[in-house]
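Peer 1: Sending over a structure as structure tokens; questions will come in a sec.
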Amino acid sequence: MTRTARLWGLLGVAGFVLLPWYMVPGGVLSLGWPGDPAGASGLVAVLGGRVWLAGPGLALLAALAAGFLLRDPQARAKAWVICGVAGLVLLVAQGLLILGDGPRLAALGTAAQPGMGLGAFVTALALLFITTTGISARGRGRGDAFVTGLVGLIVALVGVFVFYPMAFVLIRAFELKGGAGFGLSEFLPRFFAAETWSLACLAGGWCGPAVNSLALALATGLGTTTLGLAFALIFTRTDFVAKKLLRVLTILPIITPPFVIGLALILLFGRAGTMTEFLHWAFGMEKTRWIYGFGGVWLAQMLSFTPIAFLVLIGVVEGISPSMEEASQTLDADRWQTFRRVSLPLMRPGLANAFLLGFIESLADFGNPLVLGGNFNVLSTEIYFAIVGTVADPAKAAILSMILLAMTLGAFLVQRRWLGRKSYATVTGKADNGQHASLNPGLKWACYATALPWAAFTLVLYALIVFGSFVKLWGYNHSFTLAHYKQAFAITFRNGLHFTGAAWDSYFSTLTIAAISAPLTAMVGLATAYLLVRQKFAGKDAFEFSTMLSFAIPGTVIGVAYVMAFNFPPIELTGTAIILILVFVFRNMPVGVRGGIAAMSQLDKSLDEASIMLGANSFTTLRRVILPLLGPAILAAITYSFVRAITSVSAVIFLVSARHNMATSFIVGRVENNEFGIAIAYSTVLIVTMLAAILALQAVIGRRRLRRSDRVAA
Amino acid sequence: MTNKLFISALALSAAMSASAAMAEDLNVVCSNEQTWCDLMAQNFEAATGIDVAIVRKSTGEVLAQLRAEKGNPKVDVWWGGTGDPHIIAANEGLTQATGVDVSGLLGWAQNMTNMTGGKAVGVHVGLLGFIYNTEVLAEKNLPAPACWRDLAKPDYKGEIQVANPNSSGTAYTELATLVQLFGEDEAFKLLAEIGANVNQYTKSGSAPGKATARGETTIGIGFMHDMVKLKKDGFPVEIVAPCEGTGYELGAVSVVEGTPHLEAAKKWVEYVISAEGQSPGLEVGVYNIPSNPGAATDPEAPDMASIKLIDYDFATYGASETRERLLARWEKDVKGAGGAIEE
């Protein structure tokens with residue numbers, strides 16, 4: 001522990017003395033900064049007159065000195081905490097007070113500074129870990145420096161990349177009209193405004209967007225959880241023959257770029273859609289526009305989000321120990337009773353988390369309501385148009401975002417109550433015979449009847465999408481062409497290889513950014529889940545909720561918040577690829593957290609305890625015992641974040657820059673221009689790419705081996 | 001042991017900031033169609049040798065971004081899109097006067113420059129009109145509409161689609177056009193009558209045209225140059241210039257206040273208002289009316305001489321107060337009155 005603190009002290013001092021404190025034009029790796037005044041280290045900057053930087057440096061030195069000089073461990077730990085906290089406070093204060101174009105307080109004169117760079121980053125990190133090491137040395141977190149360090153790191157990350165930017169947006173909710181400052185007087189009437197909460201649709205009018213959003217989210221959450229469970233049961237508890245095909249079908253919708261499902265649905269069920277025309281021809285059914293409204297959006301969301309429920313549930317359903325089911329059957333329960341009284345209750349964490357994810361995804365979904373919403377307005381689209389509409393109203397956007405947040409918080413609390421304090425641990429390390437109880441016939445056929453038509457429907461939809469990319473004008477001129485692919489992905493060989501297609505640039509940058517952000521997301525998410533399930537510390541509930549926040553806020557709001565927060569010193573990131581990676585990591589982290597929690601609550605604590613008793617520390621236990629048992633959760637987290645980085649649209653619209661464009665913003669541009677052909681061709685290529693990546697990931701991470709074999713009893 | 005992780009994170013962030021290098025070049029945000037954005041950038045690079053990075057965003061998104069980035073902009077030039085947001089940006093000090101010579105341009109383009117104190121320069125005009133799907137119209141045995149007033153006929157109940165002026169600049173242009181054509185009270189009465197026939201107020205201004213082309217609605221209101229493209233793509237549609245006269249949008253280009261690349265930005269403005277810059281638009285299906293009289297046009301594209309136009313008052317109807325008042329009234333008198341929502 002002493003070594004850890006000293007090491008971080010040395011590292012921090014080195015960062016302060018050697019590395020450039022501020023952002024360097026051209027980046028650190030360009031190596032143009034040594035000698036350049038803009039690349040001055042913290043120490044050089046202090047000597048050059050920026051005296052306010054001395055605070056963090058002195059705090060580091062003091063901590064280092066305490067580490068080497070103080071003999072009493074308690075006094076030493078106390079000194080670390082004091083120095084670390086003081087250094088961090090000074091660092092943050094100078095960053096927030098002294099901006100690029102001058103200080104916030106007149107008393108500070110004309111001091112100004114650019115955005116923080118690598119040196120500041122290393123210094124902050126060192127101060128943070130010295131503090132957490134000090135805290136653990138004082139006996140908190142069971143004296144485990146790794147655990148306190150992890151808590152500190154995640155709190156700091158969430159603070160900087162979720163709360164700090166969100167504050168910029170949410171504060172506008174309290175803005176008074178005409179720039180008259182801030183206050184509550186306008187907030188409450190607007191929060192509870194009749195047009196937002198109107199129930200008029202019950203009487204044939206238009207409901208408010210808040211009511212619409214809530215109804216839609218409930219319907220989507222319930223629907224996706226039911227379907228996800230049906231699929232998960234088919235996979236683990238039946239001898240269904242085409243499981244592989246089904247698996248691909250369940251993955252397809254999440255790897256589909258936005259708008260594509262909506263477009264396909266319109267071409268099938270729109271007033272002039274294939275299916276509508278057929279029904280009209282065959283049964284004389286009237287051609288209506290039912291798809292534009294609640295029904296259409298719900299259908300599209302069910303298609304898009306069922307796979308998420310499935311991914312969460314499959315891990316949980318698979319993990320339930322057959323011993324429990326066996327015990328139940330030994331006690332003379334039949335298969336339905338076993339399922340009803342034993343298996344289903346044990347699936348509760350999975351069901352609750354799947355529902356929560358579906359509910360939140362539906363609330364924050366933007367693409368589907370935009371394409372299919374018709375006159376059915378939801379909060380996410382209202383927020384978008386409050387920001388980019390003909391009359392920009394940031395206050396309205398902020399207030400609607402708060403309503404969204406309130407709904408998420410509500411769902412989260414209900415979920416907590418429902419799960420209660422029961423234990424769901426079933427993976428205990430004890431031997432079992434590895435045979436899952438199969439479903440009773442009634443339930444089996446119920447699962448087939450729910451899931452298989454759905455799978456068939458998905459298949460038809462995707463066949464249509466691929467078809468659409470190979471025809472000249474989808475819906476009108478169905479002669480075969482490769483022109484869309486050529487336009488997007490042409491390659492010429494002249495003096496070497498040239499990627500001349502219009503889509504290559506955004507394709508490569510999308511894949512790079514997704515590939516970098518996916519493992520980071522999984523790491524942050526699973527580390528958080530580990531803390532939440534396995535460790536006890538003060539403020540755990542608040543911590544858990546804070547990690548869910550970024551997911552519940554619509555992408556548009558996050559996007560604008562990131563631009564507002566990270567366009568100016570102290571942290572200046574707009575126009576770079578880093579800001580895109582950060583937004584993906586912190587927006588998708590909750591999925592890693594939820595999946596990790598669901599999977600980890602099944603692992604019996606005795607596994608950890610056995611490992612600790614055998615002399616391993618908590619990091620080794622995490623790495624050697626828990627992680628290998630979390631295969632599916634890791635896979636789900638990496639897959640999901642990789643895919644979301646490629647397919648998300650609303651958050652990136654404000655963050656993409658000319659140098660770092662993303663595939664989705666390219667596709668949206670084409671869809672708006674009515675070039676469905678190239679948009680769908682591009683989407684098809686993305687789908688194939690993602691499918692390949694997912695299969696590769698599955699091969700690498702593989703399945704966990706819980707027991708000698710996973711079989712289903714005959 | 002945790003160090004490994006952080007060191008790799010460090011190396012990563014270093015690598016990423018390196019890739020974010022700021023070379024001497026031009027960052028353009030473009031509110032036209034993607035293909036037109038790409039082609040213009042390519043031609044500009046070839047003509048001037050300046051390296052251009054271009055990204056496409058809708059005007060509302062650009063305005064929101066410019067506001068958020070005020071004081072430290074990350075884009076240099078904003079090219080294309082309807083003129084109203086350009087005027088708002090100019091009024092809010094988000095863009096700057098460039099002093100580019102506009103004397104060779106058509107009169108309305110020079111007006112744009114005068115109106116904004118040189119901050120926005122007119123690049124194109126788009127005329128407002130409607131489009132109908134010939135197949136659906138024949139199937140339903142409906143007469144073809146020719147005038148704004150025709151749209152109010154009860155025959156068209158549930159057949160018309162138009163954008164919501166709260167979210168779409170196109171629909172706001174329509175609202176302001178009718179107000180200028182018929183006077184405010186009369187216009188709102190007409191809008192409410194048309195509203196009784198509207199099946200959906202879409203979010204985006206170009207959506208009604210596309211929905212009409214695909215037969216999802218029978219009649220759509222929008223900009224005629226978008227409709228020309230749909231017709232040329234092969235959809236069964238006809239385009240109508242309303243008999244009472246119609247309004248128009250003025251597309252513009254603006255240089256962002258505080259850009260570090262002012263010289264290159266000026267060159268961009270000069271290039272996009274030149275005949276050489278504007279003519280290639282036809283290659284990618286841009287059928288609006290270019291501001292340079294020397295630029296090539298398509299015979300099928302709407303032209304200002306043969307269509308009855310109103311004298312659109314951009315200064316009045318672009319101002320925030322008028323906007324908010326008209327939109328509030330629209331919400332109350334038109335949308336609040338409900339429509340024939342055929343679901």
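Identifiers in the structure tokens: chain A, B, ... in order shown; residue index from 1 per chain; ligand index from 1 in order shown.
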For a quick test of understanding: name the residues of chain A lying within 8 Å of chain B when counting only C-alpha atoms, and present them as number ranges by chain.
Peer 2: A: 25-30, 118, 146, 205, 270-272, 288-290, 292-293, 370, 374-375, 385, 387-392, 473, 475-476, 560, 563-564, 567-568, 574-578, 653-654, 656-659, 661, 665-666, 669-670, 672-674
Peer 1: Can you pull out the residues contacting segment 461-464 of chain A? Cut-off 9 Å, using only C-alpha atoms, and skip same-chain residues under 4 positions away; I want them as a compact mmCIF listing (two decimals) with C-alpha atoms, in the first residue's frame.
Peer 2:
# COMPACT_ATOMS: atom_id res chain seq x y z
CA LEU A 252 -29.54 -8.44 -36.16
CA PRO A 253 -31.81 -5.63 -34.92
CA ILE A 261 -36.01 -0.55 -39.44
CA ALA A 264 -38.47 -1.09 -43.88
CA LEU A 265 -41.63 -0.96 -41.77
CA LEU A 268 -44.14 -3.00 -45.62
CA ALA A 456 -39.75 -14.92 -39.00
CA PHE A 457 -40.92 -11.32 -39.11
CA GLY A 468 -33.49 -2.72 -51.10
CA SER A 469 -29.75 -2.19 -51.40
Peer 1: For atom CA of Leu64 of chain A and atom CA of Leu150 of chain A, determine how far apart the two atoms are, in Å to one decimal place.
Peer 2: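 Distance between the two atoms: 21.1 Å.
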Peer 1: Extract, using only C-alpha atoms, all DNA, RNA and protein residues at most 9 Å from Ala54 of chain A, discarding same-chain residues fewer than 3 positions from it, and format them as a list of chain:residue names.
Peer 2: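 So the residues in contact are A:Gly42, A:Leu43, A:Ala45, A:Val46, A:Arg50, A:Val51, A:Gly57, A:Leu58, A:Ala59.
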Peer 1: Quick one: residues within 12 Å of Val643 of chain A, only C-alpha atoms counted, chain neighbours fewer than 3 positions away excluded, as a PyMOL selection string?
Peer 2: chain A and resi 251-258+308+510-511+513-519+521+584-585+588+635-640+646-649+663-664+686-694
Peer 1: Keeping only N, CA and C atoms, take the residues you just selected and write them out as a tab-separated table (two decimals), in the first residue's frame.
Peer 2:
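Wrote part-v4.tsv, looks like this:
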chain	number	residue	atom	x	y	z
A	251	ILE	N	-29.67	-11.04	-32.88
A	251	ILE	CA	-28.63	-10.00	-32.82
A	251	ILE	C	-28.88	-8.93	-33.88
A	252	LEU	N	-29.39	-9.36	-35.03
A	252	LEU	CA	-29.54	-8.44	-36.16
A	252	LEU	C	-30.10	-7.05	-35.81
A	253	PRO	N	-31.24	-6.97	-35.11
A	253	PRO	CA	-31.81	-5.63	-34.92
A	253	PRO	C	-30.91	-4.65	-34.18
A	254	ILE	N	-30.10	-5.14	-33.22
A	254	ILE	CA	-29.27	-4.14	-32.54
A	254	ILE	C	-28.12	-3.68	-33.41
A	255	ILE	N	-27.77	-4.46	-34.42
A	255	ILE	CA	-26.66	-3.99	-35.25
A	255	ILE	C	-27.19	-3.27	-36.47
A	256	THR	N	-28.43	-2.86	-36.42
A	256	THR	CA	-28.99	-2.16	-37.56
A	256	THR	C	-28.94	-0.66	-37.33
A	257	PRO	N	-28.35	0.08	-38.23
A	257	PRO	CA	-28.29	1.52	-38.06
A	257	PRO	C	-29.69	2.12	-37.95
A	258	PRO	N	-29.82	3.26	-37.30
A	258	PRO	CA	-31.13	3.85	-37.09
A	258	PRO	C	-31.81	4.15	-38.42
A	308	ILE	N	-31.68	-6.65	-26.69
A	308	ILE	CA	-30.99	-6.22	-25.47
A	308	ILE	C	-31.54	-7.01	-24.29
A	510	THR	N	-15.50	5.47	-38.03
A	510	THR	CA	-16.50	4.85	-37.16
A	510	THR	C	-15.96	3.58	-36.52
A	511	LEU	N	-15.34	2.73	-37.35
A	511	LEU	CA	-14.84	1.47	-36.82
A	511	LEU	C	-13.73	1.70	-35.80
A	513	ILE	N	-13.23	4.34	-33.87
A	513	ILE	CA	-13.77	4.89	-32.62
A	513	ILE	C	-14.55	3.83	-31.86
A	514	ALA	N	-15.31	3.02	-32.59
A	514	ALA	CA	-16.08	1.96	-31.91
A	514	ALA	C	-15.15	0.94	-31.28
A	515	ALA	N	-14.07	0.60	-32.01
A	515	ALA	CA	-13.16	-0.43	-31.50
A	515	ALA	C	-12.42	0.07	-30.26
A	516	ILE	N	-12.16	1.36	-30.18
A	516	ILE	CA	-11.48	1.88	-28.99
A	516	ILE	C	-12.46	2.01	-27.83
A	517	SER	N	-13.68	2.46	-28.12
A	517	SER	CA	-14.58	2.73	-27.01
A	517	SER	C	-15.20	1.46	-26.42
A	518	ALA	N	-15.34	0.40	-27.23
A	518	ALA	CA	-16.02	-0.80	-26.72
A	518	ALA	C	-15.32	-1.43	-25.52
A	519	PRO	N	-14.03	-1.75	-25.61
A	519	PRO	CA	-13.41	-2.35	-24.42
A	519	PRO	C	-13.37	-1.40	-23.23
A	521	THR	N	-15.64	0.82	-22.49
A	521	THR	CA	-16.98	0.80	-21.92
A	521	THR	C	-17.17	-0.43	-21.05
A	584	PHE	N	-19.41	7.85	-26.06
A	584	PHE	CA	-19.86	6.46	-26.19
A	584	PHE	C	-19.62	5.70	-24.90
A	585	VAL	N	-18.43	5.88	-24.32
A	585	VAL	CA	-18.10	5.13	-23.10
A	585	VAL	C	-19.12	5.45	-22.01
A	588	ASN	N	-22.88	4.36	-22.90
A	588	ASN	CA	-23.19	2.93	-22.98
A	588	ASN	C	-22.78	2.17	-21.74
A	635	LEU	N	-18.96	-10.26	-22.87
A	635	LEU	CA	-19.28	-10.30	-24.29
A	635	LEU	C	-20.42	-9.34	-24.60
A	636	ALA	N	-21.46	-9.40	-23.76
A	636	ALA	CA	-22.61	-8.54	-24.01
A	636	ALA	C	-22.20	-7.08	-23.93
A	637	ALA	N	-21.38	-6.74	-22.92
A	637	ALA	CA	-21.00	-5.34	-22.74
A	637	ALA	C	-20.17	-4.85	-23.92
A	638	ILE	N	-19.17	-5.65	-24.32
A	638	ILE	CA	-18.31	-5.22	-25.43
A	638	ILE	C	-19.12	-5.14	-26.72
A	639	THR	N	-19.89	-6.20	-26.97
A	639	THR	CA	-20.70	-6.22	-28.19
A	639	THR	C	-21.61	-5.02	-28.24
A	640	TYR	N	-22.32	-4.84	-27.15
A	640	TYR	CA	-23.32	-3.77	-27.13
A	640	TYR	C	-22.68	-2.40	-27.34
A	646	ILE	N	-21.45	2.35	-33.22
A	646	ILE	CA	-21.61	2.42	-34.67
A	646	ILE	C	-23.02	2.92	-35.04
A	647	THR	N	-24.02	2.56	-34.22
A	647	THR	CA	-25.38	2.84	-34.66
A	647	THR	C	-26.03	4.05	-33.99
A	648	SER	N	-25.44	4.63	-32.95
A	648	SER	CA	-26.16	5.71	-32.28
A	648	SER	C	-26.08	6.98	-33.13
A	649	VAL	N	-27.12	7.77	-33.04
A	649	VAL	CA	-27.15	8.93	-33.93
A	649	VAL	C	-27.37	10.24	-33.18
A	663	ALA	N	-20.54	7.09	-39.37
A	663	ALA	CA	-21.37	6.45	-40.38
A	663	ALA	C	-22.83	6.87	-40.27
A	664	THR	N	-23.34	6.95	-39.02
A	664	THR	CA	-24.77	7.24	-38.89
A	664	THR	C	-25.10	8.62	-39.42
A	686	LEU	N	-22.42	-2.16	-42.94
A	686	LEU	CA	-22.18	-2.02	-41.50
A	686	LEU	C	-22.69	-3.25	-40.75
A	687	ILE	N	-23.87	-3.73	-41.14
A	687	ILE	CA	-24.44	-4.90	-40.47
A	687	ILE	C	-23.51	-6.09	-40.62
A	688	VAL	N	-23.01	-6.30	-41.84
A	688	VAL	CA	-22.12	-7.43	-42.07
A	688	VAL	C	-20.83	-7.26	-41.26
A	689	THR	N	-20.30	-6.03	-41.25
A	689	THR	CA	-19.08	-5.77	-40.47
A	689	THR	C	-19.30	-6.11	-39.01
A	690	MET	N	-20.42	-5.62	-38.46
A	690	MET	CA	-20.67	-5.83	-37.04
A	690	MET	C	-20.89	-7.29	-36.73
A	691	LEU	N	-21.58	-7.97	-37.64
A	691	LEU	CA	-21.83	-9.40	-37.44
A	691	LEU	C	-20.51	-10.15	-37.38
A	692	ALA	N	-19.61	-9.81	-38.30
A	692	ALA	CA	-18.30	-10.45	-38.30
A	692	ALA	C	-17.57	-10.17	-37.01
A	693	ALA	N	-17.62	-8.91	-36.56
A	693	ALA	CA	-16.93	-8.54	-35.32
A	693	ALA	C	-17.51	-9.30	-34.14
A	694	ILE	N	-18.83	-9.44	-34.10
A	694	ILE	CA	-19.46	-10.11	-32.97
A	694	ILE	C	-19.09	-11.59	-32.96
Peer 1: How would you write, as a VMD selection string, the set of residues in segment 88-149 of chain B that DSSP gives as strand (DSSP E or B)?
Peer 2: chain B and resid 95 to 96 120 to 133
Peer 1: Write out as a VMD selection string the set of residues from segment 60-305 of chain B that DSSP, computed on the backbone, places in alpha helix (DSSP H).
Peer 2: chain B and resid 60 to 68 83 to 91 107 to 115 134 to 139 169 to 182 184 to 195 207 to 213 224 to 233 262 to 272 275 to 278
Peer 1: What is the atom CA of Ile171 of chain A to atom CA of Ile553 of chain A distance in Å?
Peer 2: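 We find that atom CA of Ile171 of chain A and atom CA of Ile553 of chain A lie 14.7 Å from each other.
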Peer 1: Could you check how far atom CA of Gly118 of chain B sits from atom CA of Ala97 of chain B, in Å to one decimal?
Peer 2: 4.8 Å
Peer 1: Tell me which protein, DNA and RNA residues are within 10 Å of segment 308-318 of chain B, counting only C-alpha atoms, leaving out same-chain ones fewer than 5 positions away, and put them as number ranges by chain.
Peer 2: B: 83-88, 111-112, 115-116, 127-128, 172-173, 175-181, 241-250, 323, 326
Peer 1: Let me see the file: selected residues, N, CA and C atoms, as an mmCIF file, in the first residue's frame.
Peer 2:
data_model
loop_
_atom_site.group_PDB
_atom_site.id
_atom_site.type_symbol
_atom_site.label_atom_id
_atom_site.label_comp_id
_atom_site.auth_asym_id
_atom_site.auth_seq_id
_atom_site.Cartn_x
_atom_site.Cartn_y
_atom_site.Cartn_z
ATOM 1 N N GLY B 83 -32.251 30.592 -45.399
ATOM 2 C CA GLY B 83 -31.598 31.819 -44.965
ATOM 3 C C GLY B 83 -31.955 32.264 -43.560
ATOM 4 N N ASP B 84 -33.174 31.918 -43.075
ATOM 5 C CA ASP B 84 -33.600 32.431 -41.773
ATOM 6 C C ASP B 84 -32.594 32.166 -40.651
ATOM 7 N N PRO B 85 -32.147 30.923 -40.481
ATOM 8 C CA PRO B 85 -31.160 30.691 -39.424
ATOM 9 C C PRO B 85 -29.854 31.460 -39.659
ATOM 10 N N HIS B 86 -29.502 31.674 -40.923
ATOM 11 C CA HIS B 86 -28.304 32.482 -41.206
ATOM 12 C C HIS B 86 -28.529 33.906 -40.702
ATOM 13 N N ILE B 87 -29.753 34.424 -40.925
ATOM 14 C CA ILE B 87 -30.058 35.789 -40.471
ATOM 15 C C ILE B 87 -30.019 35.850 -38.945
ATOM 16 N N ILE B 88 -30.586 34.816 -38.289
ATOM 17 C CA ILE B 88 -30.565 34.783 -36.827
ATOM 18 C C ILE B 88 -29.121 34.757 -36.330
ATOM 19 N N ASN B 111 -29.585 41.475 -51.661
ATOM 20 C CA ASN B 111 -30.469 41.859 -50.552
ATOM 21 C C ASN B 111 -30.076 41.172 -49.265
ATOM 22 N N MET B 112 -29.807 39.883 -49.393
ATOM 23 C CA MET B 112 -29.426 39.078 -48.235
ATOM 24 C C MET B 112 -28.204 39.700 -47.565
ATOM 25 N N MET B 115 -29.175 42.965 -45.851
ATOM 26 C CA MET B 115 -30.002 42.738 -44.678
ATOM 27 C C MET B 115 -29.187 42.340 -43.461
ATOM 28 N N THR B 116 -28.079 41.620 -43.683
ATOM 29 C CA THR B 116 -27.303 41.082 -42.561
ATOM 30 C C THR B 116 -26.015 41.854 -42.338
ATOM 31 N N LEU B 127 -38.153 27.771 -54.303
ATOM 32 C CA LEU B 127 -39.533 28.226 -54.333
ATOM 33 C C LEU B 127 -40.451 27.222 -53.662
ATOM 34 N N LEU B 128 -41.458 27.745 -52.985
ATOM 35 C CA LEU B 128 -42.416 26.915 -52.276
ATOM 36 C C LEU B 128 -43.524 26.461 -53.240
ATOM 37 N N TYR B 172 -42.340 27.009 -41.809
ATOM 38 C CA TYR B 172 -42.451 28.399 -41.365
ATOM 39 C C TYR B 172 -42.513 29.327 -42.575
ATOM 40 N N THR B 173 -41.713 29.016 -43.599
ATOM 41 C CA THR B 173 -41.764 29.814 -44.825
ATOM 42 C C THR B 173 -43.171 29.787 -45.415
ATOM 43 N N LEU B 175 -46.002 29.282 -43.768
ATOM 44 C CA LEU B 175 -46.853 30.085 -42.895
ATOM 45 C C LEU B 175 -46.685 31.579 -43.197
ATOM 46 N N ALA B 176 -45.424 32.010 -43.270
ATOM 47 C CA ALA B 176 -45.162 33.428 -43.516
ATOM 48 C C ALA B 176 -45.625 33.837 -44.915
ATOM 49 N N THR B 177 -45.494 32.933 -45.883
ATOM 50 C CA THR B 177 -45.938 33.220 -47.245
ATOM 51 C C THR B 177 -47.446 33.476 -47.283
ATOM 52 N N LEU B 178 -48.203 32.585 -46.627
ATOM 53 C CA LEU B 178 -49.662 32.749 -46.637
ATOM 54 C C LEU B 178 -50.057 34.035 -45.922
ATOM 55 N N VAL B 179 -49.364 34.354 -44.837
ATOM 56 C CA VAL B 179 -49.670 35.599 -44.120
ATOM 57 C C VAL B 179 -49.438 36.796 -45.037
ATOM 58 N N GLN B 180 -48.354 36.757 -45.813
ATOM 59 C CA GLN B 180 -48.057 37.875 -46.702
ATOM 60 C C GLN B 180 -49.000 37.905 -47.905
ATOM 61 N N LEU B 181 -49.467 36.723 -48.319
ATOM 62 C CA LEU B 181 -50.369 36.669 -49.477
ATOM 63 C C LEU B 181 -51.773 37.147 -49.129
ATOM 64 N N ALA B 241 -47.020 24.995 -58.937
ATOM 65 C CA ALA B 241 -46.730 26.318 -58.400
ATOM 66 C C ALA B 241 -48.086 26.967 -58.125
ATOM 67 N N PRO B 242 -48.406 27.293 -56.867
ATOM 68 C CA PRO B 242 -49.749 27.777 -56.519
ATOM 69 C C PRO B 242 -50.143 29.002 -57.343
ATOM 70 N N CYS B 243 -51.426 29.040 -57.767
ATOM 71 C CA CYS B 243 -51.855 30.076 -58.696
ATOM 72 C C CYS B 243 -51.889 31.463 -58.052
ATOM 73 N N GLU B 244 -52.071 31.527 -56.725
ATOM 74 C CA GLU B 244 -52.136 32.847 -56.079
ATOM 75 C C GLU B 244 -50.760 33.505 -55.978
ATOM 76 N N GLY B 245 -49.702 32.705 -56.231
ATOM 77 C CA GLY B 245 -48.347 33.192 -56.008
ATOM 78 C C GLY B 245 -47.746 32.421 -54.851
ATOM 79 N N THR B 246 -46.433 32.496 -54.731
ATOM 80 C CA THR B 246 -45.810 31.716 -53.665
ATOM 81 C C THR B 246 -44.593 32.436 -53.096
ATOM 82 N N GLY B 247 -44.119 31.927 -51.963
ATOM 83 C CA GLY B 247 -42.949 32.514 -51.314
ATOM 84 C C GLY B 247 -41.715 31.674 -51.580
ATOM 85 N N TYR B 248 -40.625 32.067 -50.982
ATOM 86 C CA TYR B 248 -39.378 31.351 -51.264
ATOM 87 C C TYR B 248 -38.421 31.477 -50.093
ATOM 88 N N GLU B 249 -37.424 30.585 -50.103
ATOM 89 C CA GLU B 249 -36.350 30.651 -49.123
ATOM 90 C C GLU B 249 -35.114 31.197 -49.823
ATOM 91 N N LEU B 250 -34.256 31.799 -49.058
ATOM 92 C CA LEU B 250 -33.009 32.344 -49.582
ATOM 93 C C LEU B 250 -31.868 31.602 -48.925
ATOM 94 N N ARG B 323 -41.772 35.735 -35.500
ATOM 95 C CA ARG B 323 -41.714 34.289 -35.489
ATOM 96 C C ARG B 323 -42.484 33.709 -34.304
ATOM 97 N N LEU B 326 -46.297 34.430 -34.529
ATOM 98 C CA LEU B 326 -46.998 33.631 -35.530
ATOM 99 C C LEU B 326 -47.070 32.157 -35.121
#
Peer 1: Within 10 Å of Val414 of chain A, counting only C-alpha atoms, which residues show up once you throw out same-chain ones fewer than 6 positions away? Write them as a list in words, please.
Peer 2: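 Skipping anything fewer than 6 positions along the chain leaves Ala352, Leu356, Thr408 and Gly420 of chain A.
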